[in-house]
Amino acid sequence: MTLTTGVRADADRHARLRRIALATLDANWEHDHTVPSRTLYPHQWSWDSAFIAIGLAHVRPDRAWRELRTLFAAQWVDGRVPHIVFNPASRAGPYFPGPQFWDSARADGAPTRATSGIVQPPVHAPAAWLVHRRAPGEASVAALRRLYPRLVAQQRYLTGRRDAGGGGLASIVHPWESGLDNSPAWDAPLAAVPADEAVMRAYRRHDTAHADAAQRPTDLDYARYVALVESYRAGRYRDEGLLGRHPFLVECPLVNAALGVSEYALARIATVIGADPGPHRDRGARITEALVTRLWDPVTGTFRPRDVRADRLVPSRTVLGLMPLALPELPAAQVSALLAEACSPRFGLAARMDRPLPTYDRTAPDFEPLRYWRGPSWINTGWLLWQGLRTHRRADLATGLRESLLDLVDRAGCHEYFHPDTGTGLGSPAFSWTAALVLDALAQE
Ligand code: 2M8
């Protein structure tokens, strides 16, 4: 290929990707938010909306702010941002577990709109910052000003009420809060949650009507998910005394890395709106330190979730362990160990990648190339790692990863996840955050 034909092929690919990404986001727009997928996820999801806003900023900035505004309108009085905001007017089929199951109306400080009672990784402050950076102006500064106190309240909730381990990190109370629902990272702590898959006979899962059951969590996983919601709901989603009564409390490296990165984003936002950035930077540094103290495993050279109840690190090596690379003040020793882990045969990161980044150690005996978060490649975890590589100025690896992400979508479309060997599209075929993050990756050389 000559230089000019190469450049033309690249421009064609960009135009093609932009077209399908925009069409996907437009088709999934639902009056004041974007659904992750029309069939599988017909309501608003918290961290999906943050990723979606980042992509929309490049093409529909007003809609990006609207997306975040709608989500934060459902914030609880204690500062939690619910992981699902139910759309009462949804014309799509039912979702399990739906609003009746969560029963948020009975909890103190829940909004009028029905929501779930749990959270997802707090990637919203960095998202708000990026939306402003991609489309700056008076409107974006006004939007930041409105959102700032809500973002601060979200941080306060997670670092305060959710610090069940007492070491300065937030605990998750459900695997859904990590966003990586059935990651092998949760196998060990979930084994302590009593559940019988027969309880699922009383419920109807709708996910398996829209996606192949072999690509979704199992019924036993769902029995445990249901048991954990029931436990948290029984205490009306209060967080006091969780250690004594809730069977799953884990410090997740992704959730806590996002918490730290959010403080640095809030420092930047504070500067723009005339607030004090100093306390945010201090908190960012403290969270980074707590991550290293509590979740760093010097033996394997990666971060691991801490099972707070058992007071030990979980054994599996998942993509979650690489996520703290996004922290700007991560010490050099951890940065180089994480790069070594990412570039090892377990994850295969390279300046020219021959296979996409998996979500789980591909050399592990229980690696499952089709099953959701137990192996397949996802665009958001790749995008988050890409951010970390750019933060630590590894342009060579960042370029390799970006190419691999764009290539996946170019070949298969805006799928929810991808086969980590063949790149075949899996799950939903028109998935919003895939589209949004492709738009962002396209715009950054
Ligand atoms: C998946 O999770 C939901 C439950 O929250 C589900 O399986 O029904 C996860 O991939 C999660 O990270 C994502 O936010 C959600 C919507 O895309 O789907």
# chains A, B, ... in the order shown; residues from 1 in each chain; ligands from 1

call {"tool": "select_by_dssp", "arguments": {"residues": "stretch 22-60 of chain A", "states": "alpha helix (DSSP H)", "output": "short mmCIF file (atom, residue, chain, number, x, y, z; two decimals) with N, CA, C and O atoms, in the first residue's frame"}}
result
data_model
loop_
_atom_site.label_atom_id
_atom_site.label_comp_id
_atom_site.auth_asym_id
_atom_site.auth_seq_id
_atom_site.Cartn_x
_atom_site.Cartn_y
_atom_site.Cartn_z
N LEU A 22 -22.43 7.02 15.43
CA LEU A 22 -23.46 8.04 15.58
C LEU A 22 -24.86 7.43 15.40
O LEU A 22 -25.80 7.73 16.16
N ALA A 23 -24.98 6.55 14.42
CA ALA A 23 -26.29 5.92 14.18
C ALA A 23 -26.71 5.10 15.41
O ALA A 23 -27.88 5.10 15.80
N THR A 24 -25.76 4.41 16.02
CA THR A 24 -26.07 3.60 17.21
C THR A 24 -26.55 4.49 18.35
O THR A 24 -27.57 4.21 19.00
N LEU A 25 -25.82 5.58 18.58
CA LEU A 25 -26.21 6.47 19.69
C LEU A 25 -27.56 7.13 19.42
O LEU A 25 -28.39 7.25 20.33
N ASP A 26 -27.78 7.54 18.20
CA ASP A 26 -29.07 8.18 17.87
C ASP A 26 -30.22 7.19 18.05
O ASP A 26 -31.28 7.54 18.57
N ALA A 27 -30.00 5.95 17.63
CA ALA A 27 -31.08 4.96 17.73
C ALA A 27 -31.37 4.60 19.20
O ALA A 27 -32.48 4.19 19.53
N ASN A 28 -30.37 4.77 20.07
CA ASN A 28 -30.57 4.40 21.47
C ASN A 28 -30.98 5.60 22.35
O ASN A 28 -31.12 5.47 23.56
N SER A 46 -25.89 3.94 35.15
CA SER A 46 -25.02 5.02 35.63
C SER A 46 -23.70 5.16 34.89
O SER A 46 -23.41 6.20 34.30
N TRP A 47 -22.85 4.10 34.89
CA TRP A 47 -21.54 4.35 34.28
C TRP A 47 -21.63 4.32 32.76
O TRP A 47 -20.84 4.96 32.08
N ASP A 48 -22.66 3.65 32.23
CA ASP A 48 -22.89 3.74 30.78
C ASP A 48 -23.08 5.20 30.37
O ASP A 48 -22.50 5.67 29.39
N SER A 49 -23.90 5.92 31.17
CA SER A 49 -24.20 7.31 30.81
C SER A 49 -22.95 8.17 30.81
O SER A 49 -22.83 9.09 30.00
N ALA A 50 -22.02 7.88 31.73
CA ALA A 50 -20.77 8.66 31.76
C ALA A 50 -19.98 8.42 30.47
O ALA A 50 -19.53 9.36 29.82
N PHE A 51 -19.85 7.14 30.08
CA PHE A 51 -19.11 6.84 28.84
C PHE A 51 -19.83 7.44 27.62
O PHE A 51 -19.22 7.98 26.71
N ILE A 52 -21.15 7.32 27.64
CA ILE A 52 -21.95 7.82 26.52
C ILE A 52 -21.77 9.34 26.37
O ILE A 52 -21.60 9.86 25.27
N ALA A 53 -21.75 10.03 27.53
CA ALA A 53 -21.58 11.49 27.48
C ALA A 53 -20.23 11.86 26.85
O ALA A 53 -20.15 12.82 26.08
N ILE A 54 -19.21 11.10 27.17
CA ILE A 54 -17.87 11.38 26.61
C ILE A 54 -17.92 11.31 25.08
O ILE A 54 -17.34 12.15 24.39
N GLY A 55 -18.62 10.33 24.55
CA GLY A 55 -18.73 10.19 23.10
C GLY A 55 -19.63 11.26 22.51
O GLY A 55 -19.31 11.88 21.49
N LEU A 56 -20.77 11.51 23.17
CA LEU A 56 -21.72 12.51 22.66
C LEU A 56 -21.09 13.89 22.57
O LEU A 56 -21.46 14.70 21.72
N ALA A 57 -20.13 14.17 23.47
CA ALA A 57 -19.49 15.49 23.49
C ALA A 57 -18.91 15.83 22.12
O ALA A 57 -18.84 16.99 21.74
N HIS A 58 -18.50 14.81 21.35
CA HIS A 58 -17.90 15.06 20.04
C HIS A 58 -18.94 15.38 18.96
O HIS A 58 -18.60 15.94 17.93
N VAL A 59 -20.17 14.94 19.19
CA VAL A 59 -21.16 15.06 18.12
C VAL A 59 -22.44 15.77 18.53
O VAL A 59 -23.09 16.42 17.70
#

call {"tool": "residues_around", "arguments": {"residues": "stretch 94-98 of chain A", "least_positions_apart": "6", "cutoff": "8 Å", "atoms": "only C-alpha atoms", "output": "count of residues only"}}
result
8

call {"tool": "closest_residue", "arguments": {"among": "A:Leu147, A:Leu243, A:Val85, A:Leu3", "to": "ligand 1", "atoms": "only C-alpha atoms and all ligand atoms"}}
result
A:Val85

call {"tool": "closest_residue", "arguments": {"among": "A:Trp373, A:Trp186, A:Phe101, A:Trp29", "to": "ligand 1", "atoms": "only C-alpha atoms and all ligand atoms"}}
result
A:Trp373

call {"tool": "atom_distance", "arguments": {"atom1": "atom CA of A:Pro305", "atom2": "atom CA of A:Arg394"}}
result
25.3 Å

call {"tool": "residues_around", "arguments": {"residues": "A:Leu291", "least_positions_apart": "3", "cutoff": "10 Å", "atoms": "only C-alpha atoms", "output": "ChimeraX atom specification"}}
result
/A:167-169,251-253,256-257,260,285-288,294-296,303-305,324,330

call {"tool": "closest_residue", "arguments": {"among": "A:Val438, A:Leu426, A:Ala270, A:Ala164", "to": "A:Pro376", "atoms": "only C-alpha atoms"}}
result
A:Leu426

call {"tool": "residues_around", "arguments": {"residues": "A:Thr271", "least_positions_apart": "4", "cutoff": "12 Å", "atoms": "only C-alpha atoms", "output": "short mmCIF file (atom, residue, chain, number, x, y, z; two decimals) with N, CA and C atoms, in the first residue's frame"}}
result
data_model
loop_
_atom_site.label_atom_id
_atom_site.label_comp_id
_atom_site.auth_asym_id
_atom_site.auth_seq_id
_atom_site.Cartn_x
_atom_site.Cartn_y
_atom_site.Cartn_z
N TRP A 129 -15.60 16.36 33.03
CA TRP A 129 -14.44 17.16 32.65
C TRP A 129 -14.15 16.99 31.14
N VAL A 141 -19.40 25.50 31.00
CA VAL A 141 -18.99 25.97 32.33
C VAL A 141 -20.21 26.01 33.25
N LEU A 144 -20.95 22.51 34.30
CA LEU A 144 -20.01 22.05 35.33
C LEU A 144 -20.38 22.62 36.69
N ARG A 145 -20.76 23.89 36.68
CA ARG A 145 -21.13 24.55 37.93
C ARG A 145 -22.32 23.84 38.60
N TYR A 148 -21.11 20.15 39.77
CA TYR A 148 -20.02 20.02 40.75
C TYR A 148 -20.48 19.58 42.15
N TYR A 264 -9.01 14.16 40.98
CA TYR A 264 -8.18 15.01 40.11
C TYR A 264 -9.05 15.74 39.08
N ALA A 265 -10.08 15.07 38.59
CA ALA A 265 -11.00 15.73 37.65
C ALA A 265 -11.74 16.86 38.37
N LEU A 266 -12.17 16.59 39.63
CA LEU A 266 -12.88 17.64 40.38
C LEU A 266 -11.96 18.83 40.64
N ALA A 267 -10.67 18.58 40.83
CA ALA A 267 -9.72 19.69 41.03
C ALA A 267 -9.73 20.58 39.79
N ALA A 275 -13.77 27.35 42.37
CA ALA A 275 -13.74 26.70 43.69
C ALA A 275 -12.28 26.29 43.99
N ASP A 276 -12.04 25.75 45.19
CA ASP A 276 -10.67 25.43 45.60
C ASP A 276 -10.27 24.02 45.14
N PRO A 277 -9.26 23.89 44.27
CA PRO A 277 -8.89 22.56 43.80
C PRO A 277 -8.04 21.77 44.80
N GLY A 278 -7.40 22.50 45.76
CA GLY A 278 -6.43 21.86 46.66
C GLY A 278 -6.94 20.62 47.38
N PRO A 279 -8.10 20.71 48.07
CA PRO A 279 -8.59 19.54 48.81
C PRO A 279 -8.83 18.33 47.90
N HIS A 280 -9.22 18.57 46.65
CA HIS A 280 -9.45 17.44 45.73
C HIS A 280 -8.13 16.75 45.42
N ARG A 281 -7.08 17.56 45.17
CA ARG A 281 -5.78 16.93 44.86
C ARG A 281 -5.29 16.13 46.07
#

call {"tool": "closest_residue", "arguments": {"among": "A:Ala430, A:Cys343, A:Val409, A:Ala64", "to": "ligand 1", "atoms": "only C-alpha atoms and all ligand atoms"}}
result
A:Ala430

call {"tool": "atom_distance", "arguments": {"atom1": "atom 13 (C, counted along the ligand's line) of ligand 1", "atom2": "atom CA of A:Asp212"}}
result
16.7 Å

call {"tool": "closest_residue", "arguments": {"among": "A:Asp311, A:Asp62, A:Asp78, A:Glu177", "to": "ligand 1", "atoms": "only C-alpha atoms and all ligand atoms"}}
result
A:Glu177

call {"tool": "closest_residue", "arguments": {"among": "A:Gly425, A:Ala436, A:Trp102, A:Trp378", "to": "A:Leu228", "atoms": "only C-alpha atoms"}}
result
A:Trp102

call {"tool": "residues_around", "arguments": {"residues": "A:Gly400", "least_positions_apart": "3", "cutoff": "7 Å", "atoms": "only C-alpha atoms", "output": "PDB file with N, CA, C and O atoms, in the first residue's frame"}}
result
ATOM      1  N   ALA A 350       0.434  -4.520  23.461  1.00  0.00           N
ATOM      2  CA  ALA A 350       1.658  -4.319  22.665  1.00  0.00           C
ATOM      3  C   ALA A 350       1.453  -3.121  21.736  1.00  0.00           C
ATOM      4  O   ALA A 350       0.319  -2.685  21.503  1.00  0.00           O
ATOM      5  N   ALA A 351       2.549  -2.610  21.205  1.00  0.00           N
ATOM      6  CA  ALA A 351       2.466  -1.492  20.254  1.00  0.00           C
ATOM      7  C   ALA A 351       1.754  -1.936  18.984  1.00  0.00           C
ATOM      8  O   ALA A 351       1.155  -1.130  18.279  1.00  0.00           O
ATOM      9  N   ARG A 352       1.843  -3.241  18.687  1.00  0.00           N
ATOM     10  CA  ARG A 352       1.027  -3.838  17.620  1.00  0.00           C
ATOM     11  C   ARG A 352       0.382  -5.067  18.212  1.00  0.00           C
ATOM     12  O   ARG A 352       1.063  -6.073  18.407  1.00  0.00           O
ATOM     13  N   MET A 353      -0.899  -4.986  18.505  1.00  0.00           N
ATOM     14  CA  MET A 353      -1.545  -6.108  19.214  1.00  0.00           C
ATOM     15  C   MET A 353      -2.027  -7.158  18.223  1.00  0.00           C
ATOM     16  O   MET A 353      -2.636  -6.810  17.215  1.00  0.00           O
ATOM     17  N   ASP A 396       3.443   4.664  22.641  1.00  0.00           N
ATOM     18  CA  ASP A 396       3.582   3.479  21.790  1.00  0.00           C
ATOM     19  C   ASP A 396       2.483   2.453  22.101  1.00  0.00           C
ATOM     20  O   ASP A 396       1.753   1.991  21.216  1.00  0.00           O
ATOM     21  N   LEU A 397       2.339   2.159  23.406  1.00  0.00           N
ATOM     22  CA  LEU A 397       1.334   1.161  23.802  1.00  0.00           C
ATOM     23  C   LEU A 397      -0.085   1.721  23.638  1.00  0.00           C
ATOM     24  O   LEU A 397      -1.015   0.997  23.262  1.00  0.00           O
ATOM     25  N   GLU A 403      -5.619   1.282  18.259  1.00  0.00           N
ATOM     26  CA  GLU A 403      -5.782   0.620  16.959  1.00  0.00           C
ATOM     27  C   GLU A 403      -6.608  -0.652  17.111  1.00  0.00           C
ATOM     28  O   GLU A 403      -7.503  -0.964  16.334  1.00  0.00           O
ATOM     29  N   SER A 404      -6.262  -1.420  18.146  1.00  0.00           N
ATOM     30  CA  SER A 404      -6.947  -2.693  18.374  1.00  0.00           C
ATOM     31  C   SER A 404      -8.436  -2.471  18.673  1.00  0.00           C
ATOM     32  O   SER A 404      -9.310  -3.204  18.181  1.00  0.00           O
TER      33      SER A 404
END

call {"tool": "residues_around", "arguments": {"residues": "A:Val255", "least_positions_apart": "5", "cutoff": "9 Å", "atoms": "only C-alpha atoms", "output": "list of chain:residue names"}}
result
A:Gln120, A:Pro121, A:Pro122, A:Val123, A:Ala170, A:Ser171, A:Ile172, A:Glu177, A:Ser178, A:Gly179, A:Gly260, A:Leu320, A:Met323

call {"tool": "select_by_dssp", "arguments": {"residues": "stretch 126-339 of chain A", "states": "strand (DSSP E or B)", "output": "ChimeraX atom specification"}}
result
/A:172,250-251,296-297,302-303,306-307,312-313,318

call {"tool": "write_last_selection", "arguments": {"atoms": "all heavy atoms", "output": "compact mmCIF listing (two decimals), in the first residue's frame"}}
result
# COMPACT_ATOMS: atom_id res chain seq x y z
N ILE A 172 -17.67 -2.28 47.65
CA ILE A 172 -18.90 -2.56 46.91
C ILE A 172 -19.68 -3.63 47.68
O ILE A 172 -19.09 -4.47 48.36
CB ILE A 172 -18.63 -2.99 45.45
CG1 ILE A 172 -17.71 -4.22 45.34
CG2 ILE A 172 -18.04 -1.84 44.66
CD1 ILE A 172 -17.61 -4.80 43.93
N VAL A 250 -16.45 -5.82 49.23
CA VAL A 250 -15.16 -5.97 48.56
C VAL A 250 -14.66 -4.60 48.10
O VAL A 250 -15.43 -3.79 47.58
CB VAL A 250 -15.28 -6.92 47.33
CG1 VAL A 250 -13.93 -7.13 46.68
CG2 VAL A 250 -15.89 -8.26 47.72
N GLU A 251 -13.36 -4.37 48.27
CA GLU A 251 -12.75 -3.14 47.74
C GLU A 251 -12.23 -3.45 46.33
O GLU A 251 -11.33 -4.27 46.17
CB GLU A 251 -11.62 -2.68 48.67
CG GLU A 251 -12.16 -2.20 50.01
CD GLU A 251 -11.11 -1.98 51.09
OE1 GLU A 251 -9.93 -2.30 50.86
OE2 GLU A 251 -11.50 -1.51 52.18
N TRP A 296 -2.49 -3.50 46.61
CA TRP A 296 -1.33 -3.87 45.81
C TRP A 296 -0.81 -5.23 46.27
O TRP A 296 -0.65 -5.46 47.47
CB TRP A 296 -0.22 -2.82 45.94
CG TRP A 296 1.01 -3.20 45.18
CD1 TRP A 296 2.23 -3.54 45.70
CD2 TRP A 296 1.16 -3.28 43.76
NE1 TRP A 296 3.12 -3.83 44.69
CE2 TRP A 296 2.49 -3.68 43.49
CE3 TRP A 296 0.29 -3.05 42.69
CZ2 TRP A 296 2.97 -3.85 42.19
CZ3 TRP A 296 0.77 -3.24 41.40
CH2 TRP A 296 2.09 -3.63 41.16
N ASP A 297 -0.54 -6.11 45.31
CA ASP A 297 0.03 -7.41 45.67
C ASP A 297 1.45 -7.48 45.11
O ASP A 297 1.64 -7.68 43.91
CB ASP A 297 -0.83 -8.53 45.07
CG ASP A 297 -0.22 -9.90 45.33
OD1 ASP A 297 0.70 -9.98 46.17
OD2 ASP A 297 -0.65 -10.87 44.69
N THR A 302 0.46 -6.83 40.69
CA THR A 302 -0.78 -6.24 40.18
C THR A 302 -1.70 -5.90 41.36
O THR A 302 -1.44 -6.31 42.49
CB THR A 302 -1.47 -7.17 39.16
OG1 THR A 302 -2.56 -6.47 38.55
CG2 THR A 302 -1.98 -8.44 39.79
N PHE A 303 -2.74 -5.11 41.07
CA PHE A 303 -3.73 -4.82 42.11
C PHE A 303 -4.78 -5.93 42.12
O PHE A 303 -5.11 -6.49 41.07
CB PHE A 303 -4.40 -3.47 41.84
CG PHE A 303 -3.50 -2.30 42.11
CD1 PHE A 303 -2.67 -1.80 41.12
CD2 PHE A 303 -3.46 -1.71 43.37
CE1 PHE A 303 -1.83 -0.72 41.36
CE2 PHE A 303 -2.62 -0.64 43.64
CZ PHE A 303 -1.80 -0.15 42.63
N ARG A 306 -9.86 -6.53 47.47
CA ARG A 306 -9.75 -7.05 48.83
C ARG A 306 -11.13 -7.47 49.32
O ARG A 306 -12.06 -6.66 49.33
CB ARG A 306 -9.16 -6.00 49.77
CG ARG A 306 -9.13 -6.45 51.27
CD ARG A 306 -8.39 -5.47 52.14
NE ARG A 306 -6.97 -5.45 51.83
CZ ARG A 306 -6.07 -6.31 52.33
NH1 ARG A 306 -6.44 -7.23 53.21
NH2 ARG A 306 -4.82 -6.23 51.96
N ASP A 307 -11.24 -8.73 49.72
CA ASP A 307 -12.46 -9.23 50.36
C ASP A 307 -12.41 -8.72 51.80
O ASP A 307 -11.60 -9.20 52.59
CB ASP A 307 -12.45 -10.77 50.28
CG ASP A 307 -13.69 -11.38 50.90
OD1 ASP A 307 -14.38 -10.69 51.69
OD2 ASP A 307 -13.97 -12.56 50.59
N ARG A 312 -8.73 -10.55 52.97
CA ARG A 312 -7.65 -11.02 52.10
C ARG A 312 -7.91 -10.61 50.65
O ARG A 312 -9.03 -10.32 50.26
CB ARG A 312 -7.45 -12.53 52.22
CG ARG A 312 -8.64 -13.32 51.85
CD ARG A 312 -8.33 -14.81 51.71
NE ARG A 312 -9.58 -15.47 51.38
CZ ARG A 312 -10.23 -16.29 52.19
NH1 ARG A 312 -9.73 -16.61 53.37
NH2 ARG A 312 -11.37 -16.81 51.81
N LEU A 313 -6.81 -10.61 49.88
CA LEU A 313 -6.92 -10.26 48.47
C LEU A 313 -7.47 -11.45 47.71
O LEU A 313 -7.14 -12.60 48.04
CB LEU A 313 -5.55 -9.86 47.92
CG LEU A 313 -4.90 -8.64 48.58
CD1 LEU A 313 -3.53 -8.34 47.95
CD2 LEU A 313 -5.79 -7.40 48.46
N THR A 318 -7.41 -10.22 37.01
CA THR A 318 -8.36 -9.73 36.00
C THR A 318 -7.93 -8.35 35.52
O THR A 318 -7.03 -7.74 36.09
CB THR A 318 -9.79 -9.63 36.59
OG1 THR A 318 -9.77 -8.59 37.55
CG2 THR A 318 -10.23 -10.93 37.25
